[in-house]
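*Asks:* Can you keep this structure in mind? I'll have questions shortly.
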Amino acid sequence: MTSTPPPLPLLLLLLLLAAFAGTAVAAGEEFPRDGKVIDLDDSNFEAALSSIDFLFVDFYAPWCGHCKRLAPELDEAAPVLAGLSEPIMVAKVNADKYRKLGSKYGVDGFPTLMLFIHGVPIEYTGSRKADLLIRNLKKFVAPDVSILESDSAIKSFVENAGTSFPIFLGFGVNESLIAEYGGKYKKRAWFAVAKDYSEDLMVTYAFDKAPALVAVHPKYKEKTVFYGPFEGHFLEDFIKQSLLPLTVPINTETLKLLDDDDRKVVLAILEDDSDANSTQLVKVLRSAANENRDLVFGYVGVKQWEEFVETFDISKSSQLPKLLVWDRNEEYEQVEGSERLEDGDQASQVSQFLEGYRAGRTTKKQVSGPSFMGFMHSLVSMNSLYILMFVVALLGVMMYFAGQDDIPQPRRDHAE
């Protein structure tokens, strides 16, 4: 006996109900929000994307050594990220097992880290250390420009921003003027516009009229005020120049920041950049930097980084402190008659140095070591050598076994 199929309208209704029921089941799945790393697979991944606005996913493989080292960092970061005002949930997917899911998001090595913002993936390639991971992800999910309505809101914003990035606070500044640069420099700075503020706050941030844009470097306790003009290139020039503090301590981290800046560097080479005399000189340099924004002012101690200062023909026996102008690459200039700063009025000596530089009374020299980019690469040269030796040895082993058996090789793992 042949059964009669249901009428077409009823069939469509049943299909719609089935689809709705499937969606409801997926949407109704509960994911922990207690700060623990969530295990996801191909059965619940899409549901997690639907129910979690900010989801940070580690696509890993159980055999991957880098993945094993990353796991405790994620365990440490997860509860902090879950406690943010815009919570970020941390999850992991065994992409070696669920390869179809990994392939969907372009996973071709391990670990691959992605931040899903309302379901849209952004690959994360920053540091994997818990504290730096938290710092960077907070910046990813922040709005381009925050709107602050009171003194307390401004205070909270600055406190929550922390000390890792510069902060640009607009007072009486049109939000539309800042919005473009808030998006453009989002990964390097915090941006906010204050709609209402007190006179006490004007004193705190050292401005006496509006509109004003204040650049704050909490880590270096620096504030710089820009009163305009806010048209043309002037505003962006101020923002670009203020991404670095007025005086930059030269180290491996700040060298990377200098790579994004096209200005020459007035470099003070000191015996020890932490002693009292050096601290006083840095204050003098800060004043000079404020009046010469077309130059970066940096300082470094022989005690702190001897290998770096040696590229300028400086040793522990050299008479210090010295000033020079470095092009951040292979060349630097010494100002005739101002090669060394003497005891006494160092502010006048710095002024004379700058006058001599701008007048062209300089001697050009070549760095004795690698160029700027060469020096940056040399910071990892030994690690690169070890990796190269390991790869050569590994290739030898693989070629040997390839002659014996056909052994499938695992997909590559992502070194940090």
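Simple scheme: letters A, B, ... for chains in structure tokens order, numbers from 1 for residues in each chain, numbers from 1 for ligands in the order shown.
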May I have the residues within 12 Å of A:Glu339 as a ChimeraX atom specification, using only C-alpha atoms and disregarding those fewer than 2 positions away in the same chain?
*Replies:* /A:267-269,318-325,333-337,341-342,349-350,352-354,356-357,361-363
*Asks:* Env of A:Ser242: 8 Å cut, atoms = only C-alpha atoms, seq-sep filter 3 positions within chain, self excluded. Answer as a ChimeraX atom specification.
*Replies:* /A:166,215,224,238-239,245-246
*Asks:* Using only C-alpha atoms, which protein or nucleic acid residues come within 12 Å of A:Pro229? Drop anything in the same chain fewer than 5 positions from it, and give the result as an MDAnalysis selection string.
*Replies:* chainID A and resid 173 177 210:213 234:238
*Asks:* Store the residues picked out above in a file with C-alpha atoms, as a PDB file, in the first residue's frame.
*Replies:*
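Result file is again29.pdb:
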```pdb
ATOM      1  CA  VAL A 173      37.711  68.047  19.649  1.00  0.00           C
ATOM      2  CA  LEU A 177      38.443  64.429  13.246  1.00  0.00           C
ATOM      3  CA  ALA A 210      39.969  73.777  23.888  1.00  0.00           C
ATOM      4  CA  PRO A 211      40.047  72.214  21.410  1.00  0.00           C
ATOM      5  CA  ALA A 212      43.126  70.343  22.567  1.00  0.00           C
ATOM      6  CA  LEU A 213      44.507  66.856  21.930  1.00  0.00           C
ATOM      7  CA  PHE A 234      49.071  68.665  10.999  1.00  0.00           C
ATOM      8  CA  LEU A 235      46.881  66.418  13.167  1.00  0.00           C
ATOM      9  CA  GLU A 236      48.268  63.165  11.782  1.00  0.00           C
ATOM     10  CA  ASP A 237      51.838  64.480  12.030  1.00  0.00           C
ATOM     11  CA  PHE A 238      51.301  65.129  15.735  1.00  0.00           C
TER      12      PHE A 238
END
```
*Asks:* Choose the residue, out of A:Asp144, A:Glu307, A:Asp261, A:Glu123, that has the smallest atom-to-atom separation from A:Glu180; count only C-alpha atoms.
*Replies:*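 Using only C-alpha atoms, A:Glu180 sits closest to A:Asp144.
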*Asks:* Residues at most 8 Å from stretch 31-46 of chain A, counting only C-alpha atoms, excluding those fewer than 4 positions away in the same chain, as a PDB file with C-alpha atoms, in the first residue's frame?
*Replies:*
```pdb
ATOM      1  CA  ALA A  26      22.610  25.267  18.380  1.00  0.00           C
ATOM      2  CA  SER A  50      26.787  32.701  17.333  1.00  0.00           C
ATOM      3  CA  LEU A  74      46.159  30.484  27.560  1.00  0.00           C
ATOM      4  CA  ASP A  75      45.053  28.979  30.875  1.00  0.00           C
ATOM      5  CA  ALA A  78      41.625  33.128  29.918  1.00  0.00           C
ATOM      6  CA  PRO A  79      40.148  34.244  33.294  1.00  0.00           C
ATOM      7  CA  VAL A  80      41.552  37.774  32.874  1.00  0.00           C
ATOM      8  CA  LEU A  81      40.135  38.100  29.368  1.00  0.00           C
ATOM      9  CA  ALA A  82      36.764  36.719  30.502  1.00  0.00           C
ATOM     10  CA  GLY A  83      36.628  39.399  33.216  1.00  0.00           C
ATOM     11  CA  MET A  89      36.342  33.876  25.711  1.00  0.00           C
ATOM     12  CA  VAL A  90      39.273  31.581  24.988  1.00  0.00           C
ATOM     13  CA  ALA A  91      38.686  28.278  23.193  1.00  0.00           C
ATOM     14  CA  LYS A  92      40.724  25.548  21.528  1.00  0.00           C
ATOM     15  CA  VAL A  93      40.110  23.207  18.599  1.00  0.00           C
ATOM     16  CA  ASN A  94      42.075  20.061  17.815  1.00  0.00           C
ATOM     17  CA  TYR A  98      38.921  18.204  12.927  1.00  0.00           C
ATOM     18  CA  LEU A 101      37.004  22.805  10.399  1.00  0.00           C
TER      19      LEU A 101
END
```
*Asks:* Between atom CA of A:Lys303 and atom CA of A:Ile250, measure the distance and give it in Å to one decimal.
*Replies:* 12.4 Å
*Asks:* Apply DSSP to the backbone of this structure and, from stretch 230-288 of chain A, keep only the residues in helix (DSSP H, G or I); write these as a list in words.
*Replies:*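 Taking stretch 230-288 of chain A and keeping helix (DSSP H, G or I) only, one gets Phe234, Leu235, Glu236, Asp237, Phe238, Ile239, Lys240, Gln241, Ser242, Thr252, Glu253, Thr254, Leu255, Lys256, Leu257, Leu258, Ala276, Asn277, Ser278, Thr279, Gln280, Leu281, Val282, Lys283, Val284, Leu285, Arg286, Ser287 and Ala288 of chain A.
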*Asks:* Between A:Phe312, A:Ser287, A:Lys184, A:Gly232, which has the minimum distance to A:Lys364 (counting only C-alpha atoms)?
*Replies:*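 Of A:Phe312, A:Ser287, A:Lys184, A:Gly232, the one nearest A:Lys364 is A:Phe312, counting only C-alpha atoms.
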*Asks:* Got a sec: who's within 9 Å of A:Tyr197, counting only C-alpha atoms, leaving out chain neighbours fewer than 4 positions off, as a list in words?
*Replies:*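 Contacts, with the query itself left out: Leu148, Glu149, Ser150, Asp151, Ile154, Phe171, Leu201 and Met202 of chain A.
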*Asks:* Can you tell me how far atom CA of A:Ser164 sits from atom CA of A:Glu310, in Å to one decimal?
*Replies:* 29.1 Å
*Asks:* Between atom CA of A:Lys104 and atom CA of A:His118, what distance in Å does the model show, to one decimal?
*Replies:*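 That distance, rounded to one decimal, is 17.0 Å.
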